[in-house]
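Note: the block below is upload-v4.cif and it holds mmCIF, C-alpha atoms.
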data_query
#
loop_
_atom_site.label_atom_id
_atom_site.label_comp_id
_atom_site.auth_asym_id
_atom_site.auth_seq_id
_atom_site.Cartn_x
_atom_site.Cartn_y
_atom_site.Cartn_z
CA MET A 1 -84.70 -220.95 22.00
CA PHE A 2 -83.66 -217.35 21.60
CA LEU A 3 -79.92 -217.77 21.32
CA GLU A 4 -77.85 -220.87 20.61
CA LEU A 5 -74.12 -220.64 20.34
CA ASN A 6 -71.32 -223.04 19.80
CA ILE A 7 -68.32 -221.11 18.67
CA SER A 8 -64.60 -221.28 18.67
CA LYS A 9 -62.28 -218.49 17.64
CA THR A 10 -58.56 -218.03 17.94
CA MET A 11 -57.09 -214.55 17.65
CA ARG A 12 -53.36 -214.20 17.13
CA SER A 13 -51.12 -211.18 17.29
CA ALA A 14 -47.34 -211.03 17.34
CA GLN A 15 -46.93 -211.91 21.01
CA GLN A 16 -50.34 -213.04 22.13
CA LYS A 17 -52.83 -215.75 21.42
CA PHE A 18 -56.41 -215.55 22.59
CA GLN A 19 -58.82 -218.42 22.45
CA LEU A 20 -62.58 -218.11 22.73
CA GLU A 21 -64.59 -221.31 23.27
CA LEU A 22 -68.29 -221.05 23.98
CA ASP A 23 -71.16 -223.48 24.06
CA TYR A 24 -74.23 -221.75 25.35
CA ALA A 25 -77.97 -221.45 24.94
CA SER A 26 -80.47 -219.01 26.36
CA SER A 27 -84.24 -218.99 26.07
CA HIS A 28 -84.79 -215.54 27.54
CA ASP A 29 -85.06 -212.33 25.62
CA ARG A 30 -82.74 -210.36 27.88
CA LEU A 31 -79.23 -211.71 28.14
CA VAL A 32 -76.41 -209.92 29.90
CA VAL A 33 -72.85 -211.03 29.21
CA LEU A 34 -70.63 -209.99 32.08
CA GLY A 35 -66.87 -210.09 32.28
CA PRO A 36 -63.71 -208.06 32.71
CA SER A 37 -62.09 -206.45 29.70
CA GLY A 38 -60.20 -208.99 27.65
CA ALA A 39 -62.68 -211.75 28.44
CA GLY A 40 -63.90 -211.93 24.86
CA LYS A 41 -67.27 -210.22 25.31
CA SER A 42 -66.83 -207.85 22.39
CA LEU A 43 -65.62 -210.67 20.14
CA LEU A 44 -68.75 -212.62 21.02
CA LEU A 45 -71.01 -209.71 20.14
CA GLN A 46 -69.16 -209.10 16.88
CA MET A 47 -69.57 -212.74 15.91
CA ILE A 48 -73.31 -212.57 16.53
CA ALA A 49 -73.54 -209.41 14.40
CA GLY A 50 -71.44 -210.92 11.61
CA LEU A 51 -68.56 -208.47 11.97
CA LEU A 52 -66.19 -211.30 12.87
CA LYS A 53 -66.23 -214.85 11.57
CA PRO A 54 -65.90 -217.73 14.05
CA ASP A 55 -63.41 -220.46 13.15
CA ARG A 56 -66.05 -223.13 13.59
CA GLY A 57 -69.40 -223.86 15.20
CA TYR A 58 -72.79 -222.23 14.80
CA VAL A 59 -74.76 -219.16 15.85
CA ARG A 60 -78.55 -219.23 15.93
CA LEU A 61 -80.61 -216.25 16.96
CA ALA A 62 -84.40 -216.03 17.29
CA GLY A 63 -84.93 -219.13 15.20
CA ARG A 64 -82.55 -218.21 12.37
CA THR A 65 -79.18 -219.72 11.65
CA LEU A 66 -76.78 -216.82 11.21
CA PHE A 67 -73.65 -218.89 10.95
CA ASP A 68 -73.03 -222.59 10.59
CA GLN A 69 -69.63 -223.71 9.52
CA ALA A 70 -70.72 -227.31 8.88
CA GLN A 71 -73.53 -226.20 6.56
CA GLY A 72 -71.49 -223.41 4.99
CA ILE A 73 -73.87 -220.70 6.19
CA ASN A 74 -72.48 -217.27 6.98
CA LEU A 75 -74.93 -214.41 6.65
CA THR A 76 -73.43 -210.97 6.04
CA PRO A 77 -74.01 -208.31 8.71
CA GLN A 78 -76.50 -206.73 6.27
CA GLN A 79 -78.56 -209.95 6.11
CA ARG A 80 -78.63 -210.57 9.85
CA GLU A 81 -81.12 -207.80 10.59
CA VAL A 82 -79.82 -207.12 14.04
CA ALA A 83 -79.06 -203.75 15.58
CA PHE A 84 -75.71 -203.00 17.14
CA LEU A 85 -75.12 -200.21 19.61
CA PHE A 86 -71.41 -199.46 19.68
CA GLN A 87 -69.67 -198.38 22.86
CA SER A 88 -68.64 -195.12 21.22
CA TYR A 89 -72.02 -195.01 19.40
CA ALA A 90 -70.30 -194.75 15.98
CA LEU A 91 -72.55 -191.91 14.83
CA PHE A 92 -71.74 -190.61 11.36
CA PRO A 93 -69.94 -187.31 12.03
CA HIS A 94 -70.74 -185.85 8.61
CA LEU A 95 -74.51 -186.29 9.00
CA ASN A 96 -76.97 -184.54 11.30
CA VAL A 97 -79.16 -186.37 13.83
CA ARG A 98 -82.04 -186.70 11.41
CA GLN A 99 -79.81 -188.11 8.67
CA ASN A 100 -78.14 -190.50 11.11
CA ILE A 101 -81.48 -191.93 12.14
CA ALA A 102 -82.68 -192.13 8.53
CA PHE A 103 -79.43 -193.71 7.34
CA SER A 104 -80.78 -197.25 6.90
CA LEU A 105 -84.10 -196.10 5.46
CA LYS A 106 -82.46 -194.53 2.42
CA ARG A 107 -81.33 -196.99 -0.25
CA GLY A 108 -78.82 -196.28 -2.99
CA LEU A 109 -75.48 -194.53 -3.12
CA PHE A 110 -76.48 -191.21 -1.61
CA ASN A 111 -77.12 -190.21 1.96
CA PRO A 112 -80.53 -188.99 3.05
CA SER A 113 -80.97 -185.24 2.59
CA THR A 114 -80.59 -183.02 5.66
CA LYS A 115 -84.35 -182.57 5.89
CA ILE A 116 -85.46 -186.03 4.79
CA VAL A 117 -89.19 -186.56 5.29
CA ASP A 118 -90.08 -189.83 6.97
CA LYS A 119 -92.68 -190.58 9.64
CA ARG A 120 -90.53 -193.23 11.28
CA VAL A 121 -87.74 -190.69 11.80
CA ASP A 122 -90.19 -188.20 13.29
CA HIS A 123 -91.53 -190.90 15.58
CA TRP A 124 -88.12 -191.67 17.05
CA LEU A 125 -87.06 -188.03 17.26
CA ASP A 126 -90.21 -187.37 19.25
CA ASN A 127 -89.91 -190.49 21.36
CA PHE A 128 -86.34 -189.70 22.38
CA ALA A 129 -86.77 -185.91 22.77
CA LEU A 130 -84.36 -185.27 19.91
CA THR A 131 -86.59 -183.05 17.77
CA GLU A 132 -84.88 -179.87 18.94
CA VAL A 133 -81.42 -181.11 18.01
CA GLN A 134 -82.42 -182.93 14.82
CA PHE A 135 -80.36 -180.66 12.56
CA GLN A 136 -77.23 -180.75 14.71
CA ARG A 137 -74.18 -182.88 14.09
CA PRO A 138 -73.18 -185.59 16.61
CA HIS A 139 -70.27 -183.57 18.05
CA GLU A 140 -72.71 -180.88 19.15
CA LEU A 141 -74.79 -183.28 21.25
CA SER A 142 -74.61 -184.25 24.90
CA GLY A 143 -73.70 -187.82 25.87
CA GLY A 144 -77.30 -188.81 26.50
CA GLN A 145 -78.46 -187.32 23.20
CA ARG A 146 -75.73 -189.17 21.37
CA GLN A 147 -76.77 -192.44 22.88
CA ARG A 148 -80.42 -191.85 22.08
CA THR A 149 -79.53 -190.96 18.50
CA ALA A 150 -77.55 -194.17 18.15
CA LEU A 151 -80.41 -196.13 19.67
CA ALA A 152 -82.97 -194.49 17.39
CA ARG A 153 -80.78 -195.20 14.36
CA ALA A 154 -80.61 -198.86 15.42
CA LEU A 155 -84.30 -199.29 16.27
CA VAL A 156 -85.71 -197.62 13.18
CA THR A 157 -84.63 -200.73 11.23
CA GLU A 158 -87.04 -202.84 13.33
CA PRO A 159 -84.29 -205.31 14.19
CA ARG A 160 -84.79 -208.90 15.25
CA ALA A 161 -82.47 -208.33 18.18
CA LEU A 162 -80.61 -205.47 19.80
CA LEU A 163 -76.93 -205.98 20.60
CA LEU A 164 -75.40 -203.50 23.02
CA ASP A 165 -71.68 -203.10 23.64
CA GLU A 166 -71.13 -201.51 27.08
CA PRO A 167 -73.93 -199.04 26.36
CA PHE A 168 -73.63 -196.97 29.54
CA SER A 169 -69.88 -196.83 30.09
CA ALA A 170 -69.47 -193.49 28.30
CA LEU A 171 -72.12 -191.75 30.44
CA ASP A 172 -71.73 -190.05 33.81
CA PRO A 173 -73.29 -191.90 36.79
CA ASP A 174 -76.56 -189.92 37.11
CA LEU A 175 -77.33 -190.19 33.44
CA ARG A 176 -76.28 -193.82 33.47
CA SER A 177 -79.01 -194.99 35.86
CA HIS A 178 -81.56 -192.84 34.06
CA MET A 179 -80.70 -194.28 30.63
CA ARG A 180 -80.75 -197.80 32.08
CA MET A 181 -84.35 -197.39 33.19
CA GLU A 182 -85.27 -195.77 29.89
CA LEU A 183 -83.77 -198.59 27.86
CA ARG A 184 -85.36 -201.27 30.00
CA ALA A 185 -88.81 -199.68 29.64
CA LEU A 186 -88.26 -199.39 25.91
CA GLN A 187 -87.23 -203.02 25.61
CA GLU A 188 -90.39 -204.16 27.36
CA GLN A 189 -92.53 -201.86 25.27
CA LEU A 190 -91.04 -203.01 21.94
CA ALA A 191 -90.47 -206.61 23.05
CA VAL A 192 -87.21 -206.64 21.10
CA PRO A 193 -84.76 -209.29 22.33
CA LEU A 194 -81.63 -207.80 23.80
CA ILE A 195 -78.08 -208.96 24.35
CA LEU A 196 -75.99 -206.61 26.43
CA ILE A 197 -72.33 -206.94 27.29
CA THR A 198 -70.89 -205.12 30.26
CA HIS A 199 -68.41 -205.19 33.11
CA ASP A 200 -70.85 -203.44 35.42
CA VAL A 201 -72.90 -205.69 37.74
CA GLU A 202 -75.65 -203.06 37.95
CA ASP A 203 -76.51 -203.78 34.34
CA VAL A 204 -77.08 -207.38 35.39
CA GLU A 205 -79.48 -206.34 38.13
CA VAL A 206 -81.54 -204.12 35.85
CA PHE A 207 -81.58 -206.17 32.65
CA ALA A 208 -80.65 -209.78 33.11
CA LYS A 209 -83.07 -212.59 32.77
CA ASP A 210 -80.06 -214.68 31.84
CA THR A 211 -76.49 -213.92 32.79
CA LEU A 212 -73.38 -215.29 31.16
CA CYS A 213 -70.08 -214.62 32.87
CA LEU A 214 -66.99 -214.80 30.71
CA ARG A 215 -63.39 -215.00 31.78
CA SER A 216 -60.44 -215.31 29.40
CA GLY A 217 -62.49 -216.64 26.53
CA SER A 218 -64.60 -219.25 28.26
CA ILE A 219 -67.69 -219.55 30.44
CA ASP A 220 -67.02 -218.79 34.05
CA LEU A 221 -70.55 -218.95 35.36
CA GLN A 222 -74.10 -218.91 34.05
CA ARG A 223 -77.20 -217.98 35.90
CA GLN A 224 -80.81 -218.18 34.83
CA GLN A 225 -83.74 -216.41 36.19
CA THR A 226 -86.02 -219.00 37.75
CA LEU A 227 -89.21 -219.26 35.80
CA MET B 1 -48.63 -162.05 -26.24
CA ASP B 2 -51.28 -164.43 -27.53
CA ALA B 3 -48.74 -167.23 -27.31
CA ALA B 4 -48.62 -166.82 -23.53
CA TRP B 5 -52.37 -167.34 -23.19
CA VAL B 6 -52.24 -170.31 -25.55
CA ALA B 7 -49.49 -171.79 -23.37
CA LEU B 8 -51.52 -171.10 -20.21
CA GLY B 9 -54.59 -172.71 -21.77
CA LEU B 10 -52.57 -175.76 -22.74
CA SER B 11 -51.03 -176.00 -19.26
CA LEU B 12 -54.45 -175.83 -17.64
CA LYS B 13 -55.80 -178.43 -20.05
CA VAL B 14 -52.92 -180.83 -19.41
CA ALA B 15 -52.99 -180.31 -15.63
CA GLY B 16 -56.79 -180.62 -15.59
CA TRP B 17 -56.76 -183.93 -17.44
CA ALA B 18 -53.90 -185.24 -15.32
CA THR B 19 -55.79 -184.32 -12.14
CA ALA B 20 -58.99 -185.92 -13.43
CA LEU B 21 -57.11 -189.14 -14.22
CA ASN B 22 -55.47 -189.02 -10.81
CA LEU B 23 -58.83 -188.61 -9.12
CA PHE B 24 -59.71 -192.14 -10.22
CA LEU B 25 -56.23 -193.69 -10.16
CA GLY B 26 -55.07 -192.08 -6.94
CA VAL B 27 -58.30 -192.66 -5.02
CA GLY B 28 -58.52 -196.23 -6.30
CA VAL B 29 -54.94 -197.13 -5.48
CA GLY B 30 -55.06 -195.23 -2.16
CA PHE B 31 -58.17 -197.15 -1.11
CA PHE B 32 -56.69 -200.44 -2.26
CA LEU B 33 -53.49 -199.88 -0.28
CA ALA B 34 -55.39 -198.72 2.78
CA ARG B 35 -57.76 -201.70 2.93
CA MET B 36 -56.08 -204.71 1.39
CA ARG B 37 -53.49 -206.69 3.26
CA PHE B 38 -51.08 -208.60 1.08
CA PRO B 39 -47.38 -209.34 1.09
CA GLY B 40 -45.44 -206.73 -0.83
CA ARG B 41 -47.83 -203.90 0.03
CA ASP B 42 -45.05 -201.67 1.29
CA VAL B 43 -42.88 -202.49 -1.72
CA LEU B 44 -45.73 -201.51 -4.03
CA ASP B 45 -46.26 -198.28 -2.11
CA THR B 46 -42.55 -197.46 -2.47
CA LEU B 47 -42.52 -198.22 -6.19
CA LEU B 48 -45.55 -196.01 -6.75
CA THR B 49 -43.88 -193.18 -4.79
CA LEU B 50 -40.80 -193.26 -7.03
CA PRO B 51 -42.08 -190.62 -9.51
CA MET B 52 -41.92 -188.14 -6.64
CA VAL B 53 -38.20 -188.62 -6.03
CA MET B 54 -36.83 -189.63 -9.43
CA PRO B 55 -35.44 -186.90 -11.71
CA PRO B 56 -38.24 -185.97 -14.14
CA THR B 57 -35.90 -186.53 -17.07
CA VAL B 58 -35.34 -190.13 -15.99
CA LEU B 59 -39.08 -190.57 -15.70
CA GLY B 60 -39.51 -189.00 -19.12
CA TYR B 61 -36.99 -191.40 -20.53
CA TYR B 62 -38.86 -194.38 -19.09
CA LEU B 63 -42.10 -193.08 -20.57
CA LEU B 64 -40.45 -192.62 -23.95
CA VAL B 65 -39.19 -196.19 -23.88
CA LEU B 66 -42.60 -197.41 -22.74
CA MET B 67 -44.80 -195.44 -25.14
CA GLY B 68 -42.52 -194.86 -28.13
CA ARG B 69 -43.64 -196.27 -31.45
CA ARG B 70 -41.06 -199.03 -31.29
CA SER B 71 -42.20 -200.22 -27.86
CA VAL B 72 -44.76 -203.01 -27.48
CA LEU B 73 -47.34 -200.71 -25.93
CA GLY B 74 -46.72 -197.89 -28.41
CA GLU B 75 -46.97 -200.23 -31.36
CA TRP B 76 -50.16 -201.80 -30.07
CA LEU B 77 -51.79 -198.39 -29.47
CA TYR B 78 -50.83 -197.22 -32.96
CA ASP B 79 -51.83 -200.39 -34.80
CA ASN B 80 -55.18 -200.78 -33.07
CA PHE B 81 -56.31 -197.25 -32.41
CA GLY B 82 -54.05 -195.05 -34.49
CA ILE B 83 -52.96 -193.36 -31.28
CA HIS B 84 -49.47 -192.26 -30.70
CA LEU B 85 -48.59 -190.34 -27.62
CA ILE B 86 -45.10 -189.03 -28.20
CA PHE B 87 -45.03 -185.31 -29.13
CA THR B 88 -48.76 -184.85 -28.49
CA TRP B 89 -50.57 -183.04 -25.70
CA GLN B 90 -52.01 -186.40 -24.63
CA GLY B 91 -48.43 -187.52 -24.08
CA ALA B 92 -47.94 -184.47 -21.87
CA VAL B 93 -51.03 -185.52 -19.90
CA ILE B 94 -49.53 -188.97 -19.31
CA ALA B 95 -46.24 -187.43 -18.14
CA ALA B 96 -48.00 -185.00 -15.80
CA THR B 97 -50.24 -187.77 -14.46
CA VAL B 98 -47.34 -190.06 -13.60
CA VAL B 99 -45.33 -187.28 -11.98
CA SER B 100 -48.20 -186.04 -9.80
CA PHE B 101 -49.72 -189.45 -9.01
CA PRO B 102 -47.91 -189.95 -5.64
CA LEU B 103 -49.25 -186.60 -4.44
CA VAL B 104 -52.78 -188.03 -4.75
CA PHE B 105 -52.54 -191.65 -3.71
CA LYS B 106 -50.39 -190.98 -0.61
CA PRO B 107 -52.79 -188.56 1.10
CA ALA B 108 -55.74 -190.61 -0.18
CA ARG B 109 -54.35 -193.70 1.50
CA ALA B 110 -53.75 -191.79 4.74
CA ALA B 111 -57.25 -190.30 4.60
CA PHE B 112 -58.86 -193.70 4.09
CA GLU B 113 -56.81 -195.19 6.90
CA ALA B 114 -57.99 -192.40 9.21
CA VAL B 115 -61.66 -193.26 8.68
CA GLU B 116 -62.84 -195.10 11.77
CA HIS B 117 -63.46 -198.72 10.98
CA GLU B 118 -66.36 -198.77 13.41
CA LEU B 119 -68.35 -196.30 11.31
CA GLU B 120 -68.20 -198.67 8.35
CA GLN B 121 -69.19 -201.56 10.59
CA ALA B 122 -72.12 -199.58 11.92
CA ALA B 123 -73.29 -198.97 8.35
CA ARG B 124 -72.88 -202.67 7.57
CA VAL B 125 -75.09 -203.73 10.48
CA LEU B 126 -77.64 -201.12 9.39
CA GLY B 127 -78.04 -203.13 6.18
CA VAL B 128 -76.32 -200.77 3.73
CA SER B 129 -74.42 -202.41 0.83
CA GLU B 130 -70.62 -202.31 0.65
CA LEU B 131 -70.63 -200.03 -2.41
CA ALA B 132 -73.03 -197.63 -0.72
CA ILE B 133 -70.86 -197.62 2.41
CA PHE B 134 -67.93 -196.44 0.29
CA PHE B 135 -69.91 -193.56 -1.21
CA ARG B 136 -71.94 -192.63 1.88
CA VAL B 137 -69.45 -193.07 4.72
CA THR B 138 -65.86 -193.72 3.67
CA LEU B 139 -65.49 -191.26 0.80
CA PRO B 140 -67.22 -188.28 2.47
CA LEU B 141 -65.02 -188.72 5.55
CA ALA B 142 -61.82 -189.04 3.51
CA TRP B 143 -62.77 -186.34 1.02
CA ARG B 144 -60.87 -183.39 2.48
CA GLY B 145 -57.59 -185.28 2.53
CA ILE B 146 -58.15 -186.42 -1.04
CA MET B 147 -59.03 -182.91 -2.24
CA ALA B 148 -55.90 -181.44 -0.67
CA GLY B 149 -53.84 -184.06 -2.50
CA LEU B 150 -55.62 -183.37 -5.78
CA LEU B 151 -54.93 -179.63 -5.53
CA LEU B 152 -51.24 -180.22 -4.87
CA ALA B 153 -51.17 -182.65 -7.79
CA PHE B 154 -52.81 -180.04 -9.99
CA ALA B 155 -50.15 -177.50 -9.03
CA ARG B 156 -47.39 -180.04 -9.60
CA ALA B 157 -48.83 -180.97 -13.02
CA LEU B 158 -49.06 -177.30 -13.91
CA GLY B 159 -45.36 -176.83 -13.19
CA GLU B 160 -44.27 -180.06 -14.87
CA PHE B 161 -41.24 -179.54 -17.06
CA GLY B 162 -38.70 -182.33 -17.40
CA ALA B 163 -40.80 -185.38 -18.15
CA THR B 164 -43.15 -183.36 -20.36
CA LEU B 165 -40.30 -181.99 -22.44
CA MET B 166 -38.90 -185.48 -22.93
CA VAL B 167 -42.22 -187.03 -23.93
CA ALA B 168 -44.12 -184.22 -25.66
CA GLY B 169 -41.39 -181.88 -26.72
CA SER B 170 -41.90 -178.13 -27.10
CA ILE B 171 -44.14 -177.49 -30.09
CA PRO B 172 -45.65 -173.99 -29.77
CA GLY B 173 -49.45 -174.12 -29.64
CA LYS B 174 -49.42 -177.90 -29.48
CA THR B 175 -47.28 -179.20 -26.64
CA GLN B 176 -45.52 -176.10 -25.37
CA THR B 177 -46.89 -175.67 -21.86
CA LEU B 178 -46.39 -172.57 -19.76
CA SER B 179 -43.37 -173.84 -17.87
CA ILE B 180 -41.69 -174.92 -21.09
CA ALA B 181 -42.56 -171.59 -22.74
CA VAL B 182 -40.74 -169.78 -19.90
CA TYR B 183 -37.60 -171.74 -20.67
CA GLU B 184 -37.89 -171.09 -24.39
CA ALA B 185 -38.50 -167.37 -23.85
CA VAL B 186 -35.45 -167.02 -21.65
CA GLN B 187 -33.34 -168.98 -24.12
CA ALA B 188 -34.49 -166.70 -26.93
CA GLY B 189 -33.83 -163.57 -24.87
CA GLN B 190 -37.50 -162.48 -24.88
CA ASP B 191 -37.51 -161.02 -21.39
CA GLY B 192 -40.95 -159.41 -21.69
CA THR B 193 -42.63 -162.69 -22.51
CA ALA B 194 -40.72 -164.48 -19.78
CA HIS B 195 -41.85 -161.91 -17.18
CA LEU B 196 -45.48 -162.24 -18.12
CA LEU B 197 -45.36 -166.04 -18.11
CA VAL B 198 -43.64 -166.15 -14.74
CA ILE B 199 -46.19 -163.81 -13.17
CA ILE B 200 -49.12 -165.80 -14.55
CA ILE B 201 -47.81 -169.12 -13.30
CA SER B 202 -46.92 -167.66 -9.88
CA ILE B 203 -50.44 -166.33 -9.37
CA VAL B 204 -52.02 -169.65 -10.33
CA CYS B 205 -49.69 -171.58 -8.01
CA VAL B 206 -50.36 -169.30 -5.02
CA ALA B 207 -54.09 -169.62 -5.56
CA VAL B 208 -53.89 -173.42 -5.69
CA LEU B 209 -51.72 -173.62 -2.58
CA LEU B 210 -54.09 -171.38 -0.63
CA GLY B 211 -56.90 -173.71 -1.60
CA ALA B 212 -54.91 -176.76 -0.51
CA THR B 213 -54.09 -175.22 2.86
CA ARG B 214 -57.73 -174.49 3.53
CA LEU B 215 -58.60 -178.11 2.82
CA ALA B 216 -55.71 -179.66 4.75
CA PRO B 217 -56.91 -182.43 7.08
CA GLY B 218 -55.45 -180.67 10.11
CA ARG B 219 -58.39 -178.27 10.06
CA VAL B 220 -61.27 -180.22 11.44
CA SER B 221 -64.29 -180.33 9.20
CA GLY B 222 -67.72 -179.13 10.15
CA ARG B 223 -66.68 -177.44 13.38
CA ASN B 224 -67.00 -173.88 12.16
CA ARG B 225 -70.36 -172.86 13.48
#
Could you express the structure from this file as structure tokens?
Amino acid sequence: MFLELNISKTMRSAQQKFQLELDYASSHDRLVVLGPSGAGKSLLLQMIAGLLKPDRGYVRLAGRTLFDQAQGINLTPQQREVAFLFQSYALFPHLNVRQNIAFSLKRGLFNPSTKIVDKRVDHWLDNFALTEVQFQRPHELSGGQRQRTALARALVTEPRALLLDEPFSALDPDLRSHMRMELRALQEQLAVPLILITHDVEDVEVFAKDTLCLRSGSIDLQRQQTL
Amino acid sequence: MDAAWVALGLSLKVAGWATALNLFLGVGVGFFLARMRFPGRDVLDTLLTLPMVMPPTVLGYYLLVLMGRRSVLGEWLYDNFGIHLIFTWQGAVIAATVVSFPLVFKPARAAFEAVEHELEQAARVLGVSELAIFFRVTLPLAWRGIMAGLLLAFARALGEFGATLMVAGSIPGKTQTLSIAVYEAVQAGQDGTAHLLVIIISIVCVAVLLGATRLAPGRVSGRNR
């Protein structure tokens, strides 16, 4: 089983209360979570990554228990060894492309130097056609380059799974379909399990082996690819 | 005229130490207030801002009461370490630190609050430790705001008068800082000395302010190609 979830989370603000209740399992390595904004998709992804703690239940991913309230297990985001692609990419604005990609490879309290030497960084720069812009800062990049930098930064850690938060929403339509194909080919080549959340049905068509539809914090519909 | 340079040296020493202390205190407290949520946070922020609005003489009086040899703290410092702060340049450092502290922690707090939370989360998922995230992501992104605050605090410490006079007095060559020396010179009718002192301190203040303006957070970092 690739992903097993049984989580409950209540979010409260001054006027609103939002309840997320999910009991779900998927055995495929490409899961698309579909739903309108406010359905709880982002919360779900954050709970898998360890950025948000469920109130109770468990989260198991690729054979590891990441969270289990009953057993008192709650791995930190650092221990979960997953990669997270943020909707806005969350590139470090004070570091160049090369440093961004090398960020996780450098231990200690200092950032990698602007010209850090590392074969893995070179590999991803080459693979994603970023070599020419490697010394530029994120704000100087195009949308596609930004996304590829964020993806390279995530993949260089050799994650156990790749979590993507609306990865194509910030791109214009032409680039969007291009990047979709590129990411899908990459996923098959690396065989890295992928969980993608989106409100765009086209993402479902391109990526989904399993689809989970969320609406207001609970499962609306689930569909599995027939084996 | 040697006295003027001695006074300038003392002022720079006191302001330098006060700024160095505020680098740690102000950044620490600013980060704490920006990240921790607890009841009474706003009250604490207000209390810590008080030195900015209270008359320096009142502040000086509080410090005297707090650090004087008959106070609990003053007695403890003297009995255990032989330190006493009243009428020493170290006392002047304490006074300058307290007075300029809000100028550091306020902008530091704002700068830390302006750092996008998502960047820290991204670093977390990338497996980088919390301490390293502070030094590699949070601090570099907040640094300009903190530096601007530190420069203003330095200038404020340099011009400190009231609290310093109360706590450290005006001992020439020992605790008589530049701003106090100006007052003494005018009182004694030494116009020449007063002129020189005033010009020196004006030049230093203008230089510091120019530096602070260049660093102000309004000017976006790293965009000047």
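Applied to this file, the PyMOL selection byres ((chain B) within 7 of (chain A)) selects the residues B:Glu118, B:Leu119, B:Ala122, B:Arg124, B:Val125, B:Leu126, B:Gly127, B:Val128, B:Ala132, B:Phe135, B:Arg136.
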Written file, previous selection with C-alpha atoms, as a PDB file, in the coordinates of the input:
ATOM      1  CA  GLU B 118     -66.360-198.770  13.410  1.00  0.00           C
ATOM      2  CA  LEU B 119     -68.350-196.300  11.310  1.00  0.00           C
ATOM      3  CA  ALA B 122     -72.120-199.580  11.920  1.00  0.00           C
ATOM      4  CA  ARG B 124     -72.880-202.670   7.570  1.00  0.00           C
ATOM      5  CA  VAL B 125     -75.090-203.730  10.480  1.00  0.00           C
ATOM      6  CA  LEU B 126     -77.640-201.120   9.390  1.00  0.00           C
ATOM      7  CA  GLY B 127     -78.040-203.130   6.180  1.00  0.00           C
ATOM      8  CA  VAL B 128     -76.320-200.770   3.730  1.00  0.00           C
ATOM      9  CA  ALA B 132     -73.030-197.630  -0.720  1.00  0.00           C
ATOM     10  CA  PHE B 135     -69.910-193.560  -1.210  1.00  0.00           C
ATOM     11  CA  ARG B 136     -71.940-192.630   1.880  1.00  0.00           C
TER      12      ARG B 136
END
Using only C-alpha atoms, what table do you get, as a tab-separated table, when you list each residue of stretch 164-213 of chain A with an atom no more than 10 Å from stretch 25-28 of chain A, its nearest pair of atoms, and their distance in Å rounded to one decimal, rows by chain then rising number?
residue	atom	partner	partner_atom	distance
A:Pro193	CA	A:His28	CA	8.1
A:Leu194	CA	A:His28	CA	9.2
A:Ile195	CA	A:His28	CA	9.9
A:Ala208	CA	A:His28	CA	9.0
A:Lys209	CA	A:His28	CA	6.2
A:Asp210	CA	A:His28	CA	6.5
A:Thr211	CA	A:Ser26	CA	9.1
A:Leu212	CA	A:Ser26	CA	9.3
As JSON, numbers by chain, please: the residues near stretch 208-210 of chain B (cut-off 12 Å, all atoms listed in the file, same-chain neighbours under 3 positions excluded). {"B": [147, 148, 149, 150, 151, 152, 153, 154, 155, 156, 157, 158, 159, 201, 202, 203, 204, 205, 213, 214, 215, 216]}
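Rounded to one decimal, atom CA of B:Ser170 and atom CA of B:Gly82 lie 22.1 Å from each other.
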Residues within 10 Å of B:Val6, please, as a VMD selection string. Count all atoms listed in the file; anything in the same chain fewer than 2 positions from it doesn't count. chain B and resid 1 to 4 8 to 12 172 to 174 176 to 178
Just write the chosen residues, C-alpha atoms, as a short mmCIF file (atom, residue, chain, number, x, y, z; two decimals), in the coordinates of the input.
data_model
loop_
_atom_site.label_atom_id
_atom_site.label_comp_id
_atom_site.auth_asym_id
_atom_site.auth_seq_id
_atom_site.Cartn_x
_atom_site.Cartn_y
_atom_site.Cartn_z
CA MET B 1 -48.63 -162.05 -26.24
CA ASP B 2 -51.28 -164.43 -27.53
CA ALA B 3 -48.74 -167.23 -27.31
CA ALA B 4 -48.62 -166.82 -23.53
CA LEU B 8 -51.52 -171.10 -20.21
CA GLY B 9 -54.59 -172.71 -21.77
CA LEU B 10 -52.57 -175.76 -22.74
CA SER B 11 -51.03 -176.00 -19.26
CA LEU B 12 -54.45 -175.83 -17.64
CA PRO B 172 -45.65 -173.99 -29.77
CA GLY B 173 -49.45 -174.12 -29.64
CA LYS B 174 -49.42 -177.90 -29.48
CA GLN B 176 -45.52 -176.10 -25.37
CA THR B 177 -46.89 -175.67 -21.86
CA LEU B 178 -46.39 -172.57 -19.76
#
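Separating atom CA of A:Leu22 from atom CA of A:Asp220 is a distance of 10.4 Å.
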Once you add 3 Å to each side, what are the centre and edge lengths of the axis-aligned box holding all listed atoms of stretch 45-52 of chain B? One decimal in Å, as JSON, if you can.
{"center_x": -43.5, "center_y": -193.2, "center_z": -5.8, "size_x": 11.5, "size_y": 16.1, "size_z": 13.4}
Given the PyMOL selection byres ((chain B and resi 62) around 12), the residues it picks as a PyMOL selection string: chain B and resi 51+54-61+63-68+71+94-95+98-99+163-164+166-167
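When the PyMOL selection byres ((chain A and resi 3) around 6) is evaluated against the file, it yields Met1, Phe2, Glu4, Ala25, Ser26, Arg60 and Leu61 of chain A.
Shortest separation to B:Thr138 among B:Ile86, B:Ala7, B:Val14, B:Ala34 occurs at residue B:Ala34, atoms counted being all atoms listed in the file.
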Measure the distance from atom CA of A:Ala102 to atom CA of A:Pro138 in Å and round it to one decimal. 14.1 Å
